[in-house]
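K.L.:
Structure file protein_13.csv, CSV, C-alpha atoms and all ligand atoms, is pasted below:
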```csv
chain,number,residue,atom,x,y,z
A,87,MET,CA,0.0,0.0,0.0
A,88,ILE,CA,1.2,3.5,-0.8
A,89,ASP,CA,0.7,6.1,1.9
A,90,LEU,CA,-1.6,8.8,0.5
A,91,ASP,CA,0.1,11.4,2.8
A,92,ASP,CA,3.6,10.6,1.4
A,93,ALA,CA,4.0,13.1,-1.4
A,94,ALA,CA,7.2,11.5,-2.8
A,95,ALA,CA,5.7,8.0,-2.8
A,96,MET,CA,2.5,9.4,-4.5
A,97,ARG,CA,4.6,11.0,-7.2
A,98,ALA,CA,6.5,7.7,-7.8
A,99,ALA,CA,3.2,5.8,-8.0
A,100,ASP,CA,1.7,8.3,-10.4
A,101,PRO,CA,4.6,9.0,-12.8
A,102,SER,CA,2.5,10.7,-15.5
A,103,GLY,CA,0.8,13.0,-12.9
A,104,MET,CA,-2.9,12.0,-13.3
A,105,LEU,CA,-3.6,13.5,-9.9
A,106,GLY,CA,-2.3,16.9,-11.0
A,107,LEU,CA,-4.4,16.7,-14.1
A,108,VAL,CA,-7.7,15.8,-12.4
A,109,SER,CA,-6.9,18.5,-9.8
A,110,GLY,CA,-6.7,21.0,-12.7
A,111,LEU,CA,-10.4,20.7,-13.6
A,112,ALA,CA,-11.4,24.2,-12.7
A,113,ASP,CA,-8.7,25.8,-14.9
A,114,HIS,CA,-9.5,23.3,-17.7
A,115,CYS,CA,-13.1,24.4,-17.6
A,116,ARG,CA,-12.3,28.1,-17.7
A,117,GLU,CA,-9.9,27.7,-20.6
A,118,GLY,CA,-12.2,25.3,-22.5
A,119,TYR,CA,-15.1,27.7,-22.2
A,120,GLN,CA,-12.9,30.5,-23.7
A,121,LEU,CA,-11.8,28.2,-26.5
A,122,GLY,CA,-15.4,27.3,-27.3
A,123,ARG,CA,-16.6,30.9,-27.2
A,124,ALA,CA,-13.7,31.9,-29.5
A,125,ALA,CA,-14.1,29.1,-32.1
A,126,GLU,CA,-14.6,30.3,-35.6
A,127,GLY,CA,-16.6,29.0,-38.6
A,128,LEU,CA,-19.4,27.6,-36.4
A,129,PRO,CA,-22.7,26.8,-38.2
A,130,SER,CA,-26.0,28.7,-37.9
A,131,ALA,CA,-28.4,27.5,-35.2
A,132,ASP,CA,-31.5,28.6,-37.2
A,133,ASP,CA,-34.2,26.0,-37.7
A,134,LEU,CA,-32.3,23.3,-35.9
A,135,THR,CA,-34.5,20.4,-34.8
A,136,ALA,CA,-32.0,18.3,-32.8
A,137,VAL,CA,-28.5,18.0,-31.5
A,138,ALA,CA,-26.5,14.8,-32.0
A,139,PHE,CA,-23.4,14.6,-30.0
A,140,CYS,CA,-21.0,11.9,-31.4
A,141,GLY,CA,-18.1,10.6,-29.4
A,142,MET,CA,-16.8,7.6,-27.4
A,143,GLY,CA,-15.4,7.2,-23.9
A,144,GLY,CA,-13.9,10.2,-22.3
A,145,SER,CA,-14.9,12.3,-25.3
A,146,ALA,CA,-18.5,11.4,-25.0
A,147,VAL,CA,-18.8,12.6,-21.4
A,148,ALA,CA,-18.9,16.2,-22.7
A,149,GLY,CA,-22.1,15.2,-24.6
A,150,ASP,CA,-23.6,13.8,-21.4
A,151,VAL,CA,-22.9,17.1,-19.7
A,152,VAL,CA,-24.7,19.1,-22.4
A,153,ARG,CA,-27.6,16.6,-22.5
A,154,VAL,CA,-28.3,16.7,-18.8
A,155,LEU,CA,-27.7,20.4,-18.2
A,156,TYR,CA,-30.0,21.5,-21.0
A,157,ALA,CA,-32.7,18.7,-20.8
A,158,GLU,CA,-35.1,21.1,-19.1
A,159,ARG,CA,-34.1,24.3,-20.8
A,160,LEU,CA,-33.4,23.5,-24.5
A,161,ARG,CA,-36.4,23.0,-26.8
A,162,LEU,CA,-34.4,20.5,-28.8
A,163,PRO,CA,-33.5,16.9,-28.0
A,164,VAL,CA,-29.8,16.3,-27.4
A,165,THR,CA,-28.8,12.7,-28.0
A,166,VAL,CA,-25.3,11.3,-27.3
A,167,ILE,CA,-24.3,8.8,-30.0
A,168,ARG,CA,-21.8,6.2,-28.9
A,169,THR,CA,-21.8,3.9,-32.0
A,170,PRO,CA,-20.5,4.2,-35.6
A,171,GLU,CA,-24.0,4.5,-37.0
A,172,LEU,CA,-25.7,7.9,-37.4
A,173,PRO,CA,-29.4,7.6,-36.7
A,174,ALA,CA,-31.8,8.1,-39.6
A,175,TRP,CA,-33.2,11.4,-38.1
A,176,CYS,CA,-29.9,13.2,-38.5
A,177,GLY,CA,-30.0,15.6,-41.5
A,178,PRO,CA,-29.6,19.2,-42.6
A,179,HIS,CA,-31.6,20.5,-39.5
A,180,THR,CA,-29.4,18.5,-37.1
A,181,LEU,CA,-26.4,20.0,-35.3
A,182,VAL,CA,-23.8,17.2,-35.1
A,183,VAL,CA,-21.0,17.7,-32.6
A,184,ALA,CA,-18.1,15.3,-33.3
A,185,SER,CA,-16.0,15.0,-30.2
A,186,SER,CA,-12.7,13.0,-30.2
A,187,TYR,CA,-9.9,14.1,-28.1
A,188,SER,CA,-7.2,12.3,-30.1
A,189,GLY,CA,-9.1,13.0,-33.3
A,190,ASN,CA,-8.5,9.4,-34.4
A,191,THR,CA,-11.3,7.4,-32.9
A,192,ALA,CA,-12.9,5.2,-35.6
A,193,GLU,CA,-16.5,5.4,-34.5
A,194,THR,CA,-16.4,9.2,-34.2
A,195,LEU,CA,-14.7,9.6,-37.6
A,196,ALA,CA,-17.3,7.4,-39.3
A,197,LEU,CA,-20.1,9.5,-37.7
A,198,PHE,CA,-18.4,12.7,-38.8
A,199,GLU,CA,-18.1,11.6,-42.4
A,200,GLU,CA,-21.6,10.3,-42.6
A,201,ALA,CA,-23.0,13.6,-41.0
A,202,VAL,CA,-21.0,15.6,-43.6
A,203,ALA,CA,-22.5,13.5,-46.4
A,204,ARG,CA,-26.0,14.1,-45.1
A,205,GLY,CA,-25.5,17.8,-45.0
A,206,CYS,CA,-25.8,18.1,-41.1
A,207,ARG,CA,-24.5,21.2,-39.5
A,208,MET,CA,-21.2,20.4,-37.9
A,209,ILE,CA,-18.9,21.3,-35.0
A,210,ALA,CA,-15.7,19.4,-34.3
A,211,VAL,CA,-14.1,19.2,-30.9
A,212,THR,CA,-10.6,17.8,-30.8
A,213,SER,CA,-6.9,18.2,-30.0
A,214,GLY,CA,-5.8,17.2,-33.5
A,215,GLY,CA,-5.5,13.9,-35.4
A,216,ARG,CA,-7.6,13.0,-38.4
A,217,LEU,CA,-10.7,14.8,-37.2
A,218,ALA,CA,-8.8,18.1,-37.0
A,219,GLN,CA,-7.5,17.5,-40.5
A,220,LEU,CA,-10.9,16.6,-42.0
A,221,ALA,CA,-12.6,19.5,-40.3
A,222,ALA,CA,-9.9,21.9,-41.7
A,223,GLU,CA,-10.3,20.5,-45.2
A,224,LEU,CA,-14.1,20.8,-45.0
A,225,GLU,CA,-14.1,24.2,-43.2
A,226,VAL,CA,-16.0,22.7,-40.2
A,227,GLY,CA,-15.9,25.0,-37.2
A,228,THR,CA,-13.6,23.4,-34.6
A,229,VAL,CA,-13.0,23.8,-30.9
A,230,ARG,CA,-9.3,23.0,-30.7
A,231,VAL,CA,-8.2,21.9,-27.2
A,232,PRO,CA,-4.7,21.4,-26.0
A,233,GLY,CA,-3.2,18.0,-26.8
A,234,THR,CA,-1.2,16.8,-23.8
A,235,PHE,CA,-3.8,14.9,-21.8
A,236,MET,CA,-5.3,11.5,-21.6
A,237,PRO,CA,-8.8,12.1,-23.1
A,238,ARG,CA,-10.6,11.4,-19.9
A,239,ALA,CA,-8.5,14.0,-18.1
A,240,ALA,CA,-9.6,16.6,-20.7
A,241,VAL,CA,-13.2,16.5,-19.7
A,242,GLY,CA,-13.2,20.2,-18.6
A,243,TYR,CA,-11.8,21.3,-21.9
A,244,LEU,CA,-14.2,19.1,-23.9
A,245,ALA,CA,-17.4,19.8,-22.0
A,246,LEU,CA,-16.9,23.6,-21.5
A,247,GLY,CA,-15.5,23.9,-25.0
A,248,VAL,CA,-18.7,22.4,-26.4
A,249,LEU,CA,-20.9,24.5,-24.1
A,250,GLY,CA,-19.0,27.7,-25.1
A,251,SER,CA,-19.5,26.9,-28.8
A,252,LEU,CA,-23.2,26.2,-28.4
A,253,GLU,CA,-23.5,29.5,-26.6
A,254,SER,CA,-21.6,31.2,-29.4
A,255,VAL,CA,-24.1,30.0,-32.0
A,256,GLY,CA,-26.9,31.2,-29.8
A,257,LEU,CA,-28.3,27.8,-29.0
A,258,VAL,CA,-28.0,28.1,-25.3
A,259,PRO,CA,-28.0,31.1,-22.9
A,260,SER,CA,-24.8,32.4,-21.4
A,261,MET,CA,-23.5,30.3,-18.5
A,262,ALA,CA,-20.8,32.7,-17.5
A,263,ALA,CA,-22.4,33.2,-14.0
A,264,ASP,CA,-22.8,29.5,-13.5
A,265,LEU,CA,-19.3,28.9,-14.5
A,266,ASP,CA,-18.0,31.4,-12.0
A,267,GLU,CA,-19.9,29.7,-9.3
A,268,THR,CA,-18.7,26.3,-10.5
A,269,LEU,CA,-15.0,27.3,-10.5
A,270,GLY,CA,-15.4,28.5,-6.8
A,271,GLU,CA,-17.0,25.2,-5.8
A,272,LEU,CA,-14.4,23.1,-7.6
A,273,ARG,CA,-11.6,25.0,-5.8
A,274,ARG,CA,-13.4,24.5,-2.5
A,275,ILE,CA,-13.6,20.7,-3.2
A,276,LEU,CA,-9.8,20.7,-3.8
A,277,ASP,CA,-9.1,22.6,-0.6
A,278,VAL,CA,-10.9,19.8,1.3
A,279,ASN,CA,-10.0,16.7,-0.8
A,280,GLY,CA,-6.8,17.7,-2.7
A,281,PRO,CA,-3.5,15.8,-2.6
A,282,ALA,CA,-2.0,18.1,0.0
A,283,VAL,CA,-4.7,17.4,2.6
A,284,PRO,CA,-3.9,14.6,5.0
A,285,ALA,CA,-6.0,11.4,4.7
A,286,SER,CA,-7.2,11.8,8.3
A,287,ASN,CA,-9.0,15.0,7.2
A,288,ASN,CA,-9.6,14.3,3.5
A,289,PRO,CA,-13.0,12.7,2.6
A,290,ALA,CA,-11.9,11.6,-0.9
A,291,LYS,CA,-8.7,9.9,0.4
A,292,THR,CA,-10.7,8.3,3.2
A,293,LEU,CA,-13.4,7.0,0.8
A,294,ALA,CA,-10.7,5.5,-1.6
A,295,LEU,CA,-9.1,3.7,1.4
A,296,ARG,CA,-12.5,2.6,2.7
A,297,ILE,CA,-13.5,1.0,-0.6
A,298,GLY,CA,-10.3,-1.0,-0.4
A,299,GLY,CA,-10.5,-4.3,-2.3
A,300,ARG,CA,-14.3,-4.1,-2.9
A,301,PHE,CA,-15.9,-3.3,-6.2
A,302,PRO,CA,-17.5,0.2,-6.4
A,303,VAL,CA,-21.2,0.5,-7.2
A,304,VAL,CA,-22.2,4.1,-7.8
A,305,TRP,CA,-25.8,5.4,-7.8
A,306,GLY,CA,-27.2,8.8,-8.8
A,307,GLY,CA,-30.6,10.2,-9.5
A,308,GLU,CA,-31.6,10.3,-13.2
A,309,GLY,CA,-30.1,13.5,-14.7
A,310,LEU,CA,-26.9,15.0,-13.5
A,311,ALA,CA,-26.1,12.6,-10.7
A,312,ALA,CA,-26.6,9.6,-12.9
A,313,THR,CA,-24.3,11.2,-15.4
A,314,ALA,CA,-21.7,11.7,-12.6
A,315,ALA,CA,-22.3,8.1,-11.5
A,316,TYR,CA,-21.4,6.8,-14.9
A,317,ARG,CA,-18.3,9.0,-14.9
A,318,TRP,CA,-17.3,7.5,-11.5
A,319,LYS,CA,-17.7,4.0,-12.9
A,320,THR,CA,-15.6,4.7,-16.0
A,321,GLN,CA,-12.9,6.5,-13.9
A,322,PHE,CA,-12.7,3.5,-11.5
A,323,ASN,CA,-12.3,1.3,-14.6
A,324,GLU,CA,-9.6,3.4,-16.3
A,325,ASN,CA,-7.7,5.0,-13.4
A,326,ALA,CA,-8.0,2.3,-10.8
A,327,LYS,CA,-8.2,-0.6,-13.2
A,328,VAL,CA,-11.1,-2.3,-11.3
A,329,PRO,CA,-14.5,-3.5,-12.4
A,330,ALA,CA,-17.1,-1.0,-11.3
A,331,PHE,CA,-20.9,-0.6,-11.7
A,332,TRP,CA,-23.4,2.3,-11.8
A,333,GLY,CA,-27.1,2.7,-11.7
A,334,ALA,CA,-29.7,5.5,-11.8
A,335,LEU,CA,-32.7,6.1,-9.5
A,336,PRO,CA,-35.6,5.7,-9.8
A,337,GLU,CA,-35.0,3.0,-12.5
A,338,LEU,CA,-32.8,0.8,-10.3
A,339,ASP,CA,-35.6,0.5,-7.8
A,340,HIS,CA,-37.5,-1.4,-10.5
A,341,ASN,CA,-34.8,-4.1,-11.1
A,342,GLU,CA,-31.3,-3.8,-9.6
A,343,VAL,CA,-32.5,-3.8,-5.9
A,344,VAL,CA,-33.8,-7.3,-6.4
A,345,GLY,CA,-30.3,-8.5,-7.0
A,346,TRP,CA,-29.0,-7.1,-3.7
A,347,ALA,CA,-30.3,-10.1,-1.8
A,348,GLU,CA,-28.8,-10.9,1.6
A,349,GLY,CA,-25.1,-11.6,1.4
A,350,ALA,CA,-24.8,-10.5,-2.3
A,351,GLY,CA,-23.3,-7.2,-1.5
A,352,ARG,CA,-20.3,-8.2,0.6
A,353,SER,CA,-17.7,-7.7,-2.1
A,354,PHE,CA,-19.1,-4.3,-3.2
A,355,PHE,CA,-19.1,-0.8,-1.9
A,356,LEU,CA,-22.0,1.7,-2.6
A,357,VAL,CA,-21.3,5.3,-3.3
A,358,ALA,CA,-24.6,7.4,-3.4
A,359,LEU,CA,-24.3,10.7,-5.3
A,360,ARG,CA,-26.7,13.2,-3.9
A,361,HIS,CA,-27.5,16.9,-4.4
A,362,GLU,CA,-30.1,19.5,-3.4
A,363,GLY,CA,-31.7,19.6,-6.8
A,364,GLU,CA,-32.8,16.0,-6.8
A,365,HIS,CA,-36.4,15.3,-7.8
A,366,ALA,CA,-38.5,14.7,-4.6
A,367,GLU,CA,-39.3,11.2,-5.8
A,368,VAL,CA,-35.6,10.3,-6.1
A,369,ALA,CA,-34.8,12.0,-2.7
A,370,ALA,CA,-37.5,9.8,-1.0
A,371,ARG,CA,-36.3,6.6,-2.7
A,372,PHE,CA,-32.6,7.1,-1.8
A,373,PRO,CA,-32.6,6.1,1.9
A,374,LEU,CA,-34.9,3.2,1.2
A,375,SER,CA,-32.8,1.9,-1.7
A,376,THR,CA,-29.6,2.3,0.2
A,377,GLU,CA,-31.1,0.4,3.1
A,378,ILE,CA,-31.7,-2.6,0.7
A,379,ALA,CA,-28.1,-2.3,-0.5
A,380,ARG,CA,-26.9,-2.3,3.2
A,381,SER,CA,-29.0,-5.3,4.0
A,382,SER,CA,-27.1,-7.2,1.2
A,383,GLY,CA,-23.9,-6.8,3.2
A,384,MET,CA,-22.7,-3.8,1.2
A,385,GLU,CA,-21.2,-0.7,3.0
A,386,ALA,CA,-22.4,2.6,1.7
A,387,GLU,CA,-21.3,6.2,1.7
A,388,GLU,CA,-23.0,9.4,0.5
A,389,VAL,CA,-21.2,12.1,-1.5
A,390,ARG,CA,-23.1,15.3,-1.7
A,391,ALA,CA,-22.7,18.3,-4.1
A,392,SER,CA,-23.7,21.6,-2.6
A,393,GLY,CA,-23.4,24.1,-5.5
A,394,ALA,CA,-26.3,26.2,-6.6
A,395,SER,CA,-26.3,25.6,-10.4
A,396,GLY,CA,-26.6,22.3,-12.2
A,397,LEU,CA,-23.2,22.8,-13.8
A,398,SER,CA,-21.5,23.2,-10.4
A,399,ARG,CA,-23.4,20.2,-8.9
A,400,LEU,CA,-22.4,18.0,-11.8
A,401,LEU,CA,-18.8,19.0,-12.0
A,402,GLU,CA,-18.4,18.8,-8.2
A,403,LEU,CA,-19.5,15.2,-8.3
A,404,VAL,CA,-17.2,14.5,-11.3
A,405,LEU,CA,-14.2,16.1,-9.6
A,406,HIS,CA,-14.9,14.1,-6.4
A,407,GLY,CA,-15.0,10.8,-8.4
A,408,ASP,CA,-11.9,11.7,-10.4
A,409,LEU,CA,-10.0,12.2,-7.1
A,410,VAL,CA,-11.4,9.1,-5.4
A,411,SER,CA,-10.6,6.8,-8.4
A,412,THR,CA,-7.1,8.3,-8.7
A,413,TYR,CA,-6.4,7.9,-5.0
A,414,HIS,CA,-7.8,4.4,-5.2
A,415,ALA,CA,-5.2,3.5,-7.9
A,416,ILE,CA,-2.3,5.2,-6.2
A,417,ALA,CA,-3.0,3.6,-2.8
A,418,ARG,CA,-2.9,0.2,-4.4
A,419,GLY,CA,0.3,1.0,-6.3
A,420,VAL,CA,-1.5,1.1,-9.7
A,421,ASP,CA,-0.4,3.7,-12.2
A,422,PRO,CA,-3.6,5.6,-12.9
A,423,THR,CA,-2.6,6.8,-16.4
A,424,PRO,CA,-2.1,3.8,-18.8
A,425,ILE,CA,-5.1,2.1,-20.4
A,426,ASP,CA,-3.4,-0.9,-22.0
A,427,ALA,CA,-6.5,-2.8,-22.8
A,428,ILE,CA,-8.0,0.2,-24.8
A,429,ALA,CA,-4.7,0.8,-26.6
A,430,ARG,CA,-4.4,-2.9,-27.5
A,431,LEU,CA,-8.0,-3.0,-28.9
A,432,LYS,CA,-7.5,0.1,-31.0
A,433,ARG,CA,-4.3,-1.3,-32.4
A,434,ALA,CA,-5.8,-4.7,-33.2
A,435,LEU,CA,-8.8,-3.1,-34.9
A,436,ALA,CA,-6.6,-0.7,-37.0
A,437,GLU,CA,-4.6,-3.7,-38.2
A,438,ALA,CA,-7.7,-5.9,-39.0
B,501,LIG,C1,-8.8,7.5,-22.4
B,501,LIG,C2,-10.3,7.5,-22.5
B,501,LIG,C3,-11.0,6.7,-23.6
B,501,LIG,C4,-11.0,7.5,-24.9
B,501,LIG,C5,-11.8,6.8,-26.0
B,501,LIG,C6,-12.0,7.6,-27.2
B,501,LIG,O1,-8.3,8.4,-21.4
B,501,LIG,O2,-10.9,8.0,-21.6
B,501,LIG,O3,-12.3,6.4,-23.1
B,501,LIG,O4,-11.7,8.8,-24.6
B,501,LIG,O5,-11.1,5.6,-26.3
B,501,LIG,O6,-10.8,8.2,-27.7
B,501,LIG,P1,-10.9,9.8,-28.0
B,501,LIG,O7,-11.3,10.4,-26.8
B,501,LIG,O8,-9.5,10.1,-28.3
B,501,LIG,O9,-11.8,9.9,-29.1
```
What does the file become when written as structure tokens?
P.N.:
Amino acid sequence: MIDLDDAAAMRAADPSGMLGLVSGLADHCREGYQLGRAAEGLPSADDLTAVAFCGMGGSAVAGDVVRVLYAERLRLPVTVIRTPELPAWCGPHTLVVASSYSGNTAETLALFEEAVARGCRMIAVTSGGRLAQLAAELEVGTVRVPGTFMPRAAVGYLALGVLGSLESVGLVPSMAADLDETLGELRRILDVNGPAVPASNNPAKTLALRIGGRFPVVWGGEGLAATAAYRWKTQFNENAKVPAFWGALPELDHNEVVGWAEGAGRSFFLVALRHEGEHAEVAARFPLSTEIARSSGMEAEEVRASGASGLSRLLELVLHGDLVSTYHAIARGVDPTPIDAIARLKRALAEA
């Protein structure tokens, strides 16, 4: 076990500095928003009927952020497409956002080319690669983000870059005030949970250690907390290299809870993501559902976002999960950065 209060041992266990990258979320959001606002050659938002956000893995999360934040405010459906096939409803009145951090993800490139062929209105979000090249050739407005991250660590750039560009085309109202509040909340979270705060006084380090060898199960209410729960799951997979699971309330009360029979939960640890803006139905269900999980032998802990805006609640929960999953890796001597299985798959598919 690596001591999470030993800065030198932590640096040695995290040679590519994932902890520093996830801790930089507030700055990434601020810079990403500016890049999105300043992007040139963006399409018109007149007469749009839908937004299709195309991306995979860490680059798709930005689409989840847009989808949940604007579900109640935007009069257009926002759909996140994580497959190489563009749905039949995408056409000239659809705004297609193609998001690939590397710019070389096969599924996203296939969707981009098909969307161009169908005359969709396009925005590309990338740090380079083939997507940047194609977008430049076809004069597609591009949010160009810096290229030195692992895609999942660039979530602030990608999400706020997209939000800034949607604001720029007049599709969504300004979120400058929400962003200011969010940056303050993210800094507050780091003051309490950041690498320099000793484990005895640091809820994120304590949670990572408490989970120990158990498999994380992360629950959130449908909407922003469910989006954050999915992000926690994927960050446990990629940073900590452990199987992890997620579910959304109220849906999980109609199926998953049955699986948590007595004894079934002993190898799992439940993290419940909560916030003040939860639907009353979800808030009522949470304690009852958590009780069922506990009765299966699973330990549980609640993580609560306290921000006022949806953006800050969502990104607080995301930052908390990024920190916990990275601490979980480092404590067990696992390098949080490499994702060998994903790289192997991409190589094998490119050769096939
Ligand atoms: C790696 C990661 C992956 C990638 C995914 C798509 O850190 O999070 O999930 O995001 O393989 O690649 P990109 O983002 O380059 O399109």
K.L.:
Residues of chain A that have any atom at most 7 Å from an atom of ligand LIG 501 (chain B): could you tabulate them with the shortest-distance atom pair and the distance in Å to one decimal, using all atoms listed in the file, ordered by chain and increasing number, as CSV?
P.N.:
```
residue,atom,partner,partner_atom,distance
A:Gly141,CA,B:LIG501,O9,6.3
A:Met142,CA,B:LIG501,C6,4.8
A:Gly143,CA,B:LIG501,O3,3.3
A:Gly144,CA,B:LIG501,O4,3.5
A:Ser145,CA,B:LIG501,O7,4.3
A:Ser185,CA,B:LIG501,O9,6.7
A:Ser186,CA,B:LIG501,O9,3.4
A:Tyr187,CA,B:LIG501,O8,4.0
A:Ser188,CA,B:LIG501,O8,3.7
A:Gly189,CA,B:LIG501,O8,5.8
A:Asn190,CA,B:LIG501,O8,6.2
A:Thr191,CA,B:LIG501,O9,4.6
A:Thr194,CA,B:LIG501,O9,6.9
A:Met236,CA,B:LIG501,O1,4.3
A:Pro237,CA,B:LIG501,O1,4.1
A:Arg238,CA,B:LIG501,O2,3.8
A:Ala239,CA,B:LIG501,O1,6.5
A:Ile425,CA,B:LIG501,C1,6.8
A:Ile428,CA,B:LIG501,O5,6.4
```
K.L.:
Rounded to one decimal place, report the atom CA of A:Ala391-atom CA of A:Ala157 distance in Å.
P.N.:
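Interatomic distance here is 19.5 Å.
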K.L.:
With distances taken over all atoms listed in the file, which residue among A:Leu121, A:Val389, A:Leu172, A:Cys115 lies nearest A:Val202?
P.N.:
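Ranked by minimum distance to A:Val202, first place goes to A:Leu172.
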K.L.:
To one decimal place, how far is atom CA of A:Asp150 from atom CA of A:Thr320 in Å?
P.N.:
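Those two atoms sit 13.3 Å apart.
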K.L.:
Counting all atoms listed in the file, what is within 12 Å of A:Thr135, bar same-chain residues fewer than 5 positions away, as a list of chain:residue names?
P.N.:
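That gives A:Leu160, A:Arg161, A:Leu162, A:Pro163, A:Val164, A:Thr165, A:Trp175, A:Cys176, A:Gly177, A:Pro178, A:His179, A:Thr180, A:Leu181, A:Val182, A:Cys206, A:Arg207, A:Leu257.
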K.L.:
Please identify all polymer residues within 8 Å of A:Leu401, counting all atoms listed in the file, omitting same-chain residues fewer than 5 positions from it, and present them as JSON, numbers by chain.
P.N.:
{"A": [268, 272, 314]}
K.L.:
So which one's closest to A:Leu224, A:Ala138, A:Met208, A:Val154, A:Leu246? Using only C-alpha atoms, please.
P.N.:
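With only C-alpha atoms as the atom set, the closest residue is A:Met208.
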K.L.:
Within 10 Å of A:Ala245, counting all atoms listed in the file, which residues qualify if same-chain residues fewer than 6 places away don't, as a ChimeraX atom specification?
P.N.:
/A:114-115,118-119,122,145-152,185,211
K.L.:
Go through A:Ser130, A:Thr423, A:Asn323, A:Gln120 one by one, measure the shortest atom-to-atom distance of each to A:Arg230 using only C-alpha atoms, and give the residue with the smallest value.
P.N.:
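For A:Arg230, the nearest of the given residues is A:Gln120.
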K.L.:
Report, in Å with one decimal, the straight-line distance from atom CA of A:Leu310 to atom CA of A:Gly363.
P.N.:
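So the two atoms, atom CA of A:Leu310 and atom CA of A:Gly363, lie 9.4 Å apart.
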K.L.:
Counting all atoms listed in the file, figure out which residue out of A:Val248, A:Ala330, A:Leu107, A:Leu397 gets nearest to A:Trp305.
P.N.:
A:Ala330
K.L.:
Which one is closest to A:Gly309: A:Ala94, A:Ala240, A:Leu155, A:Val255? Count all atoms listed in the file.
P.N.:
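Nearest candidate to A:Gly309 out of A:Ala94, A:Ala240, A:Leu155, A:Val255: A:Leu155.
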K.L.:
Go through A:Val166, A:Ala415, A:Ala131, A:Leu431 and flag the residue nearest A:Thr313, using all atoms listed in the file for the distances.
P.N.:
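The closest residue to A:Thr313 is A:Val166.
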K.L.:
Mind checking which residues fall within 12 Å of A:Gly103, counting only C-alpha atoms, ignoring those fewer than 4 positions away in the same chain, and posting them as number ranges by chain?
P.N.:
A: 93, 96-99, 107-110, 234-236, 239, 281, 325, 412-413, 416, 421-424
K.L.:
Would you mind exporting C-alpha atoms of the selected residues as a compact mmCIF listing (two decimals), keeping the file's coordinate frame?
P.N.:
```txt
# COMPACT_ATOMS: atom_id res chain seq x y z
CA ALA A 93 4.00 13.10 -1.40
CA MET A 96 2.50 9.40 -4.50
CA ARG A 97 4.60 11.00 -7.20
CA ALA A 98 6.50 7.70 -7.80
CA ALA A 99 3.20 5.80 -8.00
CA LEU A 107 -4.40 16.70 -14.10
CA VAL A 108 -7.70 15.80 -12.40
CA SER A 109 -6.90 18.50 -9.80
CA GLY A 110 -6.70 21.00 -12.70
CA THR A 234 -1.20 16.80 -23.80
CA PHE A 235 -3.80 14.90 -21.80
CA MET A 236 -5.30 11.50 -21.60
CA ALA A 239 -8.50 14.00 -18.10
CA PRO A 281 -3.50 15.80 -2.60
CA ASN A 325 -7.70 5.00 -13.40
CA THR A 412 -7.10 8.30 -8.70
CA TYR A 413 -6.40 7.90 -5.00
CA ILE A 416 -2.30 5.20 -6.20
CA ASP A 421 -0.40 3.70 -12.20
CA PRO A 422 -3.60 5.60 -12.90
CA THR A 423 -2.60 6.80 -16.40
CA PRO A 424 -2.10 3.80 -18.80
```
K.L.:
Each residue of stretch 302-330 of chain A with at least one atom at most 10 Å from stretch 336-342 of chain A should appear once, together with its nearest atom pair and the corresponding distance in Å (one decimal); atoms considered: only C-alpha atoms; ordering: chain, then increasing residue number; output as a Markdown table.
P.N.:
```
| residue | atom | partner | partner_atom | distance |
| --- | --- | --- | --- | --- |
| A:Trp305 | CA | A:Leu338 | CA | 8.7 |
| A:Gly306 | CA | A:Pro336 | CA | 9.0 |
| A:Gly307 | CA | A:Pro336 | CA | 6.7 |
| A:Glu308 | CA | A:Pro336 | CA | 7.0 |
```
K.L.:
Hey, can you pull every residue with an atom no more than 9 Å from (3.6, 2.0, -0.5), using only C-alpha atoms, and send it as a PyMOL selection string?
P.N.:
chain A and resi 87-90+92+95-96+99+416-419
